[in-house]
>>> print(open('entry_15.cif').read())   # mmCIF, C-alpha atoms and all ligand atoms
data_run
loop_
_atom_site.label_atom_id
_atom_site.label_comp_id
_atom_site.auth_asym_id
_atom_site.auth_seq_id
_atom_site.Cartn_x
_atom_site.Cartn_y
_atom_site.Cartn_z
CA MET A 1 -192.32 12.14 20.09
CA VAL A 2 -188.53 12.44 20.20
CA PHE A 3 -186.95 15.17 22.27
CA LEU A 4 -183.39 16.35 21.98
CA MET A 5 -181.23 15.52 24.94
CA GLN A 6 -180.66 18.19 27.53
CA LYS A 7 -177.79 18.40 30.00
CA GLU A 8 -179.13 19.42 33.40
CA TYR A 9 -177.35 20.70 36.51
CA PHE A 10 -179.05 21.17 39.87
CA GLY A 11 -178.05 22.53 43.27
CA GLU A 12 -176.67 25.58 45.03
CA GLY A 13 -173.47 26.69 43.32
CA CYS A 14 -174.05 24.66 40.14
CA ILE A 15 -173.76 27.90 38.14
CA GLN A 16 -170.02 27.18 38.22
CA ASN A 17 -170.64 24.67 35.39
CA LEU A 18 -171.34 27.56 33.04
CA ASP A 19 -167.61 28.14 32.71
CA SER A 20 -166.92 24.74 31.16
CA ILE A 21 -170.08 24.86 29.01
CA VAL A 22 -169.01 28.16 27.47
CA SER A 23 -165.41 27.10 26.94
CA ASN A 24 -166.53 23.83 25.31
CA GLU A 25 -168.85 25.68 22.97
CA SER A 26 -166.09 28.27 22.26
CA PRO A 27 -168.46 30.87 20.82
CA ASN A 28 -167.47 33.87 18.74
CA SER A 29 -170.39 35.93 19.97
CA ILE A 30 -172.73 35.19 22.89
CA PHE A 31 -176.35 36.39 22.89
CA LEU A 32 -177.12 37.01 26.57
CA VAL A 33 -180.79 37.46 27.46
CA THR A 34 -181.58 38.71 30.96
CA GLY A 35 -184.54 40.10 32.89
CA GLY A 36 -184.65 43.62 34.29
CA SER A 37 -183.33 44.63 37.71
CA ALA A 38 -183.58 41.05 39.01
CA TYR A 39 -180.50 40.18 36.96
CA GLU A 40 -178.40 42.19 39.36
CA SER A 41 -180.38 41.74 42.58
CA SER A 42 -180.46 37.93 42.26
CA GLY A 43 -176.67 37.82 42.17
CA ALA A 44 -176.74 36.45 38.61
CA LYS A 45 -174.84 39.36 37.06
CA LYS A 46 -171.93 38.94 39.43
CA CYS A 47 -171.64 35.22 38.58
CA LEU A 48 -171.89 35.75 34.84
CA ASP A 49 -169.57 38.75 34.58
CA SER A 50 -166.62 36.69 35.74
CA VAL A 51 -167.41 33.77 33.38
CA LEU A 52 -168.05 35.91 30.30
CA LYS A 53 -165.39 38.60 30.72
CA ASP A 54 -163.20 37.28 27.87
CA TYR A 55 -166.02 36.80 25.36
CA LYS A 56 -167.89 39.07 23.02
CA VAL A 57 -171.32 39.39 24.66
CA ILE A 58 -174.43 40.95 23.11
CA HIS A 59 -176.75 41.78 26.00
CA PHE A 60 -180.50 41.84 25.29
CA SER A 61 -182.95 42.84 28.03
CA ASN A 62 -185.15 45.33 26.24
CA TYR A 63 -188.50 43.50 26.17
CA GLN A 64 -191.83 43.62 27.97
CA VAL A 65 -192.82 41.48 30.97
CA ASN A 66 -195.06 39.45 28.68
CA PRO A 67 -192.94 39.54 25.50
CA THR A 68 -194.51 40.53 22.20
CA ILE A 69 -193.63 39.64 18.62
CA GLU A 70 -192.11 43.14 18.28
CA ASP A 71 -189.73 42.34 21.14
CA VAL A 72 -188.77 39.12 19.37
CA LYS A 73 -188.06 41.04 16.14
CA LYS A 74 -185.79 43.51 17.96
CA GLY A 75 -183.83 40.58 19.35
CA ILE A 76 -183.56 38.82 15.99
CA LYS A 77 -182.10 41.95 14.40
CA LEU A 78 -179.41 42.18 17.07
CA PHE A 79 -178.76 38.43 16.99
CA ARG A 80 -178.23 38.37 13.22
CA ALA A 81 -176.17 41.58 13.10
CA ASN A 82 -173.68 40.06 15.53
CA GLN A 83 -173.75 36.51 14.16
CA CYS A 84 -174.31 35.09 17.62
CA ASP A 85 -173.51 31.40 18.02
CA LEU A 86 -174.37 30.69 21.68
CA VAL A 87 -177.40 31.84 23.68
CA ILE A 88 -177.50 32.23 27.45
CA ALA A 89 -180.89 33.07 28.97
CA ILE A 90 -180.88 33.92 32.66
CA GLY A 91 -184.13 35.12 34.21
CA GLY A 92 -187.78 34.16 34.62
CA GLY A 93 -190.00 32.26 32.21
CA SER A 94 -190.46 35.22 29.85
CA CYS A 95 -186.71 35.68 29.56
CA ILE A 96 -186.12 32.03 28.66
CA ASP A 97 -189.10 32.02 26.29
CA ILE A 98 -187.98 35.09 24.36
CA ALA A 99 -184.44 33.69 24.11
CA LYS A 100 -185.85 30.47 22.63
CA LEU A 101 -187.93 32.43 20.13
CA ILE A 102 -185.10 34.75 19.03
CA ASN A 103 -182.75 31.78 18.69
CA ILE A 104 -185.02 29.57 16.56
CA LEU A 105 -186.55 32.40 14.50
CA SER A 106 -183.18 33.99 13.71
CA CYS A 107 -182.38 30.98 11.54
CA HIS A 108 -185.69 31.14 9.63
CA PRO A 109 -185.96 33.57 6.71
CA GLU A 110 -189.63 34.62 6.72
CA GLU A 111 -191.37 37.11 9.02
CA PRO A 112 -191.55 35.70 12.60
CA GLU A 113 -195.37 35.95 12.68
CA LYS A 114 -195.63 33.32 9.96
CA TYR A 115 -194.00 30.70 12.19
CA VAL A 116 -195.80 31.79 15.36
CA LEU A 117 -199.15 31.64 13.53
CA LYS A 118 -198.13 28.23 12.10
CA GLU A 119 -198.37 29.42 8.49
CA LYS A 120 -194.80 28.21 7.95
CA PRO A 121 -193.12 25.17 9.55
CA LEU A 122 -189.95 25.43 11.60
CA ILE A 123 -187.29 23.46 9.75
CA ASN A 124 -183.96 24.70 11.10
CA THR A 125 -182.27 24.24 14.47
CA GLY A 126 -181.07 27.26 16.45
CA LYS A 127 -177.72 27.73 18.20
CA PRO A 128 -176.94 25.99 21.53
CA LEU A 129 -178.97 27.54 24.34
CA VAL A 130 -178.20 27.59 28.07
CA ALA A 131 -181.26 28.26 30.25
CA ILE A 132 -180.71 29.48 33.81
CA PRO A 133 -183.99 30.16 35.65
CA THR A 134 -183.99 32.77 38.41
CA THR A 135 -187.63 32.18 39.36
CA SER A 136 -189.32 28.83 39.99
CA GLY A 137 -192.52 28.66 38.03
CA THR A 138 -192.82 28.07 34.34
CA GLY A 139 -190.23 25.33 34.01
CA SER A 140 -189.48 26.92 30.63
CA GLU A 141 -185.93 25.56 30.90
CA SER A 142 -187.36 22.05 30.45
CA THR A 143 -189.92 22.57 27.68
CA HIS A 144 -189.78 22.52 23.90
CA PHE A 145 -192.15 25.45 23.44
CA ALA A 146 -192.11 29.20 23.88
CA VAL A 147 -194.89 31.74 24.11
CA CYS A 148 -195.29 35.35 23.02
CA TYR A 149 -198.07 37.83 22.41
CA ILE A 150 -199.34 39.14 19.11
CA GLY A 151 -201.60 41.99 20.23
CA LYS A 152 -203.35 40.71 23.36
CA THR A 153 -203.39 37.08 22.22
CA LYS A 154 -200.84 34.60 23.46
CA TYR A 155 -199.35 32.10 21.01
CA SER A 156 -197.15 29.11 21.58
CA LEU A 157 -194.43 27.94 19.23
CA ALA A 158 -193.46 24.28 19.61
CA LYS A 159 -190.61 22.26 18.19
CA ASP A 160 -188.33 19.59 19.66
CA SER A 161 -185.24 21.65 18.93
CA ILE A 162 -186.56 24.56 21.03
CA LEU A 163 -185.71 22.58 24.19
CA PRO A 164 -182.62 24.26 25.74
CA ASN A 165 -179.43 22.24 25.35
CA TYR A 166 -178.39 23.03 28.92
CA ALA A 167 -180.41 23.82 32.06
CA ILE A 168 -178.63 25.20 35.12
CA LEU A 169 -180.92 25.12 38.15
CA ASP A 170 -179.13 27.04 40.87
CA PRO A 171 -181.60 27.95 43.65
CA GLN A 172 -179.37 30.73 45.03
CA PHE A 173 -180.83 33.06 42.38
CA THR A 174 -184.31 32.68 43.89
CA TYR A 175 -183.36 33.40 47.51
CA ASN A 176 -184.18 37.12 47.32
CA LEU A 177 -187.30 37.00 45.17
CA PRO A 178 -190.16 39.26 46.32
CA GLN A 179 -192.99 37.47 48.09
CA TYR A 180 -195.66 38.01 45.40
CA ILE A 181 -193.45 36.71 42.59
CA THR A 182 -192.54 33.67 44.68
CA ALA A 183 -196.20 32.95 45.41
CA SER A 184 -197.39 33.46 41.86
CA THR A 185 -194.65 31.40 40.25
CA THR A 186 -195.18 28.60 42.77
CA MET A 187 -198.83 28.48 41.73
CA ASP A 188 -197.79 28.42 38.07
CA ALA A 189 -195.78 25.27 38.81
CA PHE A 190 -198.65 23.83 40.84
CA CYS A 191 -201.23 24.48 38.09
CA GLN A 192 -198.91 23.06 35.46
CA ALA A 193 -198.44 19.91 37.55
CA VAL A 194 -202.18 19.45 38.23
CA GLU A 195 -203.36 20.37 34.72
CA SER A 196 -200.83 18.12 33.00
CA PHE A 197 -201.98 15.29 35.27
CA TRP A 198 -205.59 15.53 34.04
CA SER A 199 -204.64 16.59 30.47
CA VAL A 200 -205.87 14.39 27.60
CA ASN A 201 -202.18 14.13 26.57
CA SER A 202 -200.99 12.76 29.92
CA THR A 203 -198.75 9.69 29.96
CA ASP A 204 -197.44 7.52 32.78
CA GLU A 205 -194.19 9.46 32.58
CA SER A 206 -195.81 12.92 32.63
CA LYS A 207 -198.02 11.88 35.56
CA GLU A 208 -194.99 10.80 37.51
CA PHE A 209 -193.35 14.21 36.94
CA SER A 210 -196.62 15.89 38.01
CA ARG A 211 -196.98 13.75 41.11
CA GLU A 212 -193.43 14.52 42.27
CA ALA A 213 -193.93 18.24 41.65
CA ILE A 214 -197.25 18.36 43.55
CA ASN A 215 -195.78 16.47 46.50
CA LEU A 216 -192.87 18.91 46.74
CA ILE A 217 -195.13 21.97 46.56
CA LEU A 218 -197.59 20.60 49.14
CA LYS A 219 -194.77 20.53 51.69
CA VAL A 220 -194.14 24.26 51.46
CA THR A 221 -197.42 26.10 51.04
CA ARG A 222 -197.07 28.60 53.88
CA LEU A 223 -194.99 31.47 52.62
CA GLU A 224 -193.91 32.71 56.06
CA GLN A 225 -192.10 29.39 56.64
CA TRP A 226 -189.89 29.69 53.59
CA GLY A 227 -186.13 29.64 53.75
CA ASN A 228 -183.48 28.74 51.19
CA GLN A 229 -184.16 25.02 51.46
CA GLU A 230 -187.82 25.52 50.60
CA ARG A 231 -186.92 27.71 47.63
CA ALA A 232 -184.57 24.99 46.35
CA GLN A 233 -187.42 22.51 46.69
CA ILE A 234 -189.74 24.75 44.67
CA MET A 235 -187.11 25.17 41.96
CA ARG A 236 -187.01 21.38 41.61
CA ALA A 237 -190.82 21.21 41.62
CA ALA A 238 -191.10 23.85 38.89
CA ASN A 239 -188.61 21.96 36.76
CA LEU A 240 -190.58 18.70 37.20
CA ALA A 241 -193.84 20.48 36.38
CA GLY A 242 -192.13 21.87 33.26
CA LYS A 243 -191.17 18.34 32.26
CA ALA A 244 -194.78 17.25 32.80
CA ILE A 245 -196.22 19.96 30.52
CA ASN A 246 -193.49 19.29 28.00
CA LEU A 247 -195.24 15.94 27.45
CA ALA A 248 -198.87 16.64 28.37
CA LYS A 249 -199.33 20.44 27.97
CA THR A 250 -201.60 22.66 30.05
CA THR A 251 -205.41 22.79 29.91
CA ALA A 252 -208.38 25.05 30.65
CA CYS A 253 -206.96 26.97 33.66
CA HIS A 254 -204.04 28.17 31.56
CA ALA A 255 -206.30 29.00 28.60
CA ILE A 256 -208.59 31.08 30.84
CA SER A 257 -205.61 32.77 32.51
CA TYR A 258 -204.33 34.53 29.39
CA PRO A 259 -207.02 37.25 29.15
CA ILE A 260 -206.82 37.64 32.94
CA THR A 261 -203.13 38.48 32.52
CA SER A 262 -203.54 40.48 29.31
CA TYR A 263 -206.53 42.61 30.30
CA TYR A 264 -206.32 42.68 34.11
CA LYS A 265 -202.54 42.47 34.64
CA VAL A 266 -202.73 39.59 37.11
CA SER A 267 -199.41 37.74 37.16
CA HIS A 268 -199.40 34.49 35.14
CA GLY A 269 -199.30 31.87 37.92
CA HIS A 270 -201.79 33.76 40.07
CA ALA A 271 -204.13 34.07 37.06
CA ALA A 272 -203.95 30.34 36.26
CA ALA A 273 -204.57 29.38 39.88
CA LEU A 274 -207.81 31.39 40.16
CA THR A 275 -209.86 28.74 38.34
CA LEU A 276 -207.90 25.63 39.38
CA GLY A 277 -210.20 24.62 42.28
CA GLN A 278 -213.38 25.13 40.25
CA MET A 279 -211.90 23.26 37.28
CA PHE A 280 -211.06 20.42 39.66
CA LEU A 281 -214.75 20.20 40.59
CA PHE A 282 -215.81 20.58 36.95
CA ASN A 283 -213.49 17.87 35.63
CA SER A 284 -214.48 15.49 38.41
CA ASN A 285 -218.06 15.63 37.10
CA VAL A 286 -217.08 14.45 33.61
CA ASN A 287 -219.63 12.18 31.91
CA LEU A 288 -219.97 10.06 28.79
CA GLN A 289 -221.31 12.94 26.66
CA ASP A 290 -218.77 15.62 27.47
CA CYS A 291 -215.57 13.59 27.95
CA SER A 292 -212.84 14.67 25.56
CA ASP A 293 -210.19 12.15 26.60
CA TYR A 294 -209.96 9.25 24.12
CA ARG A 295 -209.35 6.92 27.09
CA GLY A 296 -212.94 7.46 28.21
CA TYR A 297 -214.73 9.12 31.10
CA GLY A 298 -214.05 6.22 33.46
CA TYR A 299 -210.35 6.83 32.94
CA VAL A 300 -210.76 10.56 33.64
CA LYS A 301 -212.74 9.81 36.83
CA GLN A 302 -209.95 7.50 37.94
CA THR A 303 -207.37 10.19 37.14
CA MET A 304 -209.27 12.73 39.25
CA GLU A 305 -209.43 10.23 42.12
CA LYS A 306 -205.68 9.70 41.88
CA LEU A 307 -205.23 13.46 42.03
CA MET A 308 -207.40 13.60 45.16
CA HIS A 309 -205.19 10.92 46.67
CA ILE A 310 -202.05 12.94 45.86
CA LEU A 311 -203.67 16.03 47.43
CA ASN A 312 -204.57 13.87 50.43
CA VAL A 313 -208.33 14.55 50.21
CA ASN A 314 -211.34 12.27 49.62
CA THR A 315 -213.65 14.43 47.51
CA ALA A 316 -213.43 16.98 44.70
CA GLU A 317 -215.04 19.55 47.05
CA ALA A 318 -212.24 18.96 49.56
CA ALA A 319 -209.69 19.32 46.73
CA ASN A 320 -211.20 22.68 45.81
CA GLU A 321 -211.06 23.79 49.45
CA LYS A 322 -207.46 22.64 49.73
CA ILE A 323 -206.47 24.58 46.61
CA GLN A 324 -208.17 27.72 48.00
CA ALA A 325 -206.31 27.19 51.29
CA ILE A 326 -203.00 26.96 49.41
CA LEU A 327 -203.77 30.25 47.66
CA HIS A 328 -204.54 31.86 51.02
CA GLY A 329 -201.37 30.37 52.53
CA LEU A 330 -199.42 32.02 49.71
CA GLN A 331 -201.32 35.27 50.33
CA LEU A 332 -202.85 35.40 46.85
CA GLU A 333 -206.23 37.08 46.36
CA THR A 334 -208.94 34.65 45.18
CA SER A 335 -211.93 36.94 44.59
CA LEU A 336 -212.37 38.11 40.99
CA THR A 337 -214.26 41.16 42.29
CA LYS A 338 -211.35 42.20 44.48
CA LEU A 339 -209.02 41.70 41.51
CA GLY A 340 -211.17 44.08 39.44
CA MET A 341 -212.99 41.55 37.23
CA GLY A 342 -216.22 40.79 39.02
CA THR A 343 -218.78 42.20 36.58
CA LYS A 344 -220.63 40.62 33.65
CA GLU A 345 -218.62 42.84 31.28
CA ASP A 346 -215.37 41.54 32.77
CA HIS A 347 -216.57 37.98 32.38
CA ASP A 348 -217.45 38.72 28.74
CA VAL A 349 -213.82 39.72 28.17
CA ILE A 350 -212.50 36.56 29.84
CA VAL A 351 -214.96 34.21 28.10
CA SER A 352 -214.49 35.70 24.64
CA ASN A 353 -210.68 35.45 24.94
CA GLY A 354 -210.26 32.45 27.21
CA PHE A 355 -210.81 29.62 24.76
CA ASN A 356 -207.38 29.29 23.21
CA PRO A 357 -207.96 26.03 21.32
CA ASP A 358 -204.36 24.91 21.84
CA ARG A 359 -205.08 24.48 25.54
CA VAL A 360 -208.82 24.13 26.06
CA LYS A 361 -208.87 21.07 23.83
CA ASN A 362 -206.46 19.40 26.26
CA ASN A 363 -209.01 19.60 29.06
CA PRO A 364 -210.53 16.17 29.79
CA ARG A 365 -214.07 17.55 29.98
CA ARG A 366 -215.45 19.86 27.28
CA LEU A 367 -216.09 23.32 28.66
CA SER A 368 -218.87 25.46 27.18
CA LYS A 369 -219.00 29.24 27.34
CA GLU A 370 -222.07 29.04 29.61
CA GLN A 371 -220.21 26.75 32.00
CA LEU A 372 -217.25 29.13 32.10
CA TYR A 373 -219.61 32.04 32.90
CA GLU A 374 -220.95 29.98 35.83
CA ILE A 375 -217.45 29.29 37.12
CA LEU A 376 -216.47 32.97 36.91
CA GLU A 377 -219.67 33.94 38.70
CA LYS A 378 -218.84 31.58 41.59
CA LEU A 379 -215.35 33.10 41.85
CA SER A 380 -216.55 36.72 41.90
FE FE B 401 -197.72 28.45 33.13
#
>>> encode(input="entry_15.cif", output="structure tokens", more="lines below")
Ligand SMILES: [Fe+2]
Amino acid sequence: MVFLMQKEYFGEGCIQNLDSIVSNESPNSIFLVTGGSAYESSGAKKCLDSVLKDYKVIHFSNYQVNPTIEDVKKGIKLFRANQCDLVIAIGGGSCIDIAKLINILSCHPEEPEKYVLKEKPLINTGKPLVAIPTTSGTGSESTHFAVCYIGKTKYSLAKDSILPNYAILDPQFTYNLPQYITASTTMDAFCQAVESFWSVNSTDESKEFSREAINLILKVTRLEQWGNQERAQIMRAANLAGKAINLAKTTACHAISYPITSYYKVSHGHAAALTLGQMFLFNSNVNLQDCSDYRGYGYVKQTMEKLMHILNVNTAEAANEKIQAILHGLQLETSLTKLGMGTKEDHDVIVSNGFNPDRVKNNPRRLSKEQLYEILEKLS
């Protein structure tokens, strides 16, 4: 697979590079995508106002927390009407994802659904895109895919040219993030790193990105100890985890998380983390019959042992306990009952919507519906 090259900047104050990026691109009309109130409270608005004051800027922030195809269409209309030729996305994962979607789909003539549902191939390349994350979780700035909802179902659009041309990773924008968002997005990065490590698509390169990300996150798992240095470390970890899923993709925990977010409004990273410990146990028990990795079940067992080594534990049970301890350290609820999804009916909703084939098929051990019911029962 060939990915387009991305220019990456990292470190406190590196937002100053935006000035030269914009002047080099010399756009006629900039499509600026931002989040809600965080755009101002993170200090991002102040930085961007001074850089963009002499340019025509079309500001788009009118979309839902988990963007829908209707949000994408609104953005496309605005993008086309103003003939935008540079995109700047500054915000969380949803902000960067919707900017990617609007950019690539604006240069495709058919209805956006057709591309998202893979009825039509993406053939054109969008305008240059600058991604500036203000949370540390999805690593969307370093991936070549973007997700959005059609109804309550989450779809992913993938294409090499979706990878942002520039990524500016300035941790100062994360210094004032609320505690829950920090915790949830950290767990998103952690799940992405662990899942991509055991994914059937993993490579030596993706595993190295995962390993580095996990090591960074393991150093800062007690929220009360966090200062600016720790937040910078997590921003780096999230970016590395993004690079890992860019190659290897996510697996069962992410697939199961989507109905938990859609139907029960649990934030994305928190939702993915709920099943991570149990999936660790499940994948460690892979056997000849249910292995879905072409490299064989011996390889998967070895991979799980390497993961235990990275987590500094000797058994899958200890890995599960460690993951639960990390969740507690980040003050995230782990009981499905306490999160309002402890009944059989709730589990029916999760099981009937939690098998997104794009992701479940990446899991190294085949997961049946009965096995998922058992896992949810244990977590309730
Ligand atoms: Fe994620």
>>> residues_near_ligand(input="entry_15.cif", ligand="ligand FE 401 (chain B)", cutoff="12 Å", atoms="all atoms listed in the file", output="NGL selection string")
:A and (92-94 or 97 or 136-140 or 143 or 145-147 or 154 or 156 or 184-196 or 238-239 or 241-242 or 244-246 or 249-258 or 261 or 267-273 or 359)
>>> atom_distance(input="entry_15.cif", atom1="CA of Phe280 in chain A", atom2="CA of Ile375 in chain A")
11.2 Å
>>> atom_distance(input="entry_15.cif", atom1="CA of Arg222 in chain A", atom2="CA of Glu141 in chain A")
25.7 Å
>>> closest_atom_pairs(input="entry_15.cif", of="range 121-240 of chain A", to="range 29-32 of chain A", cutoff="10 Å", atoms="only C-alpha atoms", output="CSV")
residue,atom,partner,partner_atom,distance
A:Lys127,CA,A:Phe31,CA,9.9
A:Leu129,CA,A:Phe31,CA,9.3
A:Val130,CA,A:Leu32,CA,9.6
>>> atom_distance(input="entry_15.cif", atom1="CA of Thr275 in chain A", atom2="CA of Leu218 in chain A")
18.3 Å
>>> closest_residue(input="entry_15.cif", among="A:Lys7, A:Lys46, A:Lys338, A:Lys301", to="Phe173 in chain A", atoms="all atoms listed in the file")
A:Lys46
>>> residues_around(input="entry_15.cif", residues="Gln83 in chain A", least_positions_apart="2", cutoff="9 Å", atoms="only C-alpha atoms", output="PyMOL selection string")
chain A and resi 28-30+78-81+85
>>> decode(input="entry_15.cif", residues="range 38-57 of chain A", atoms="N, CA and C atoms", output="short mmCIF file (atom, residue, chain, number, x, y, z; two decimals), in the first residue's frame")
data_model
loop_
_atom_site.label_atom_id
_atom_site.label_comp_id
_atom_site.auth_asym_id
_atom_site.auth_seq_id
_atom_site.Cartn_x
_atom_site.Cartn_y
_atom_site.Cartn_z
N ALA A 38 -14.79 24.41 22.34
CA ALA A 38 -13.37 24.09 22.59
C ALA A 38 -12.45 24.89 21.68
N TYR A 39 -12.96 25.31 20.53
CA TYR A 39 -12.13 26.07 19.59
C TYR A 39 -11.60 27.33 20.27
N GLU A 40 -12.45 27.95 21.04
CA GLU A 40 -12.04 29.17 21.73
C GLU A 40 -11.29 28.84 23.03
N SER A 41 -11.87 27.90 23.83
CA SER A 41 -11.30 27.65 25.15
C SER A 41 -9.91 27.00 25.07
N SER A 42 -9.61 26.31 23.98
CA SER A 42 -8.29 25.67 23.87
C SER A 42 -7.20 26.68 23.48
N GLY A 43 -7.62 27.87 23.11
CA GLY A 43 -6.64 28.88 22.67
C GLY A 43 -6.41 28.82 21.17
N ALA A 44 -7.08 27.88 20.49
CA ALA A 44 -6.85 27.69 19.05
C ALA A 44 -7.32 28.90 18.24
N LYS A 45 -8.47 29.43 18.62
CA LYS A 45 -9.05 30.55 17.85
C LYS A 45 -8.08 31.74 17.82
N LYS A 46 -7.53 32.03 18.98
CA LYS A 46 -6.61 33.17 19.08
C LYS A 46 -5.42 32.98 18.13
N CYS A 47 -4.87 31.77 18.11
CA CYS A 47 -3.72 31.48 17.24
C CYS A 47 -4.10 31.62 15.77
N LEU A 48 -5.27 31.08 15.42
CA LEU A 48 -5.64 31.05 14.00
C LEU A 48 -6.10 32.41 13.48
N ASP A 49 -6.76 33.17 14.33
CA ASP A 49 -7.25 34.49 13.89
C ASP A 49 -6.12 35.34 13.34
N SER A 50 -4.98 35.30 14.03
CA SER A 50 -3.89 36.17 13.57
C SER A 50 -3.29 35.65 12.27
N VAL A 51 -3.24 34.33 12.08
CA VAL A 51 -2.66 33.76 10.85
C VAL A 51 -3.59 33.98 9.65
N LEU A 52 -4.89 33.90 9.89
CA LEU A 52 -5.85 33.87 8.77
C LEU A 52 -6.50 35.22 8.48
N LYS A 53 -6.07 36.26 9.19
CA LYS A 53 -6.81 37.53 9.10
C LYS A 53 -6.86 38.13 7.69
N ASP A 54 -5.87 37.81 6.85
CA ASP A 54 -5.86 38.41 5.50
C ASP A 54 -6.43 37.49 4.43
N TYR A 55 -7.03 36.40 4.84
CA TYR A 55 -7.56 35.43 3.87
C TYR A 55 -9.08 35.36 3.95
N LYS A 56 -9.65 34.90 2.83
CA LYS A 56 -11.09 34.63 2.86
C LYS A 56 -11.28 33.27 3.55
N VAL A 57 -12.02 33.27 4.64
CA VAL A 57 -12.18 32.04 5.43
C VAL A 57 -13.66 31.67 5.52
#
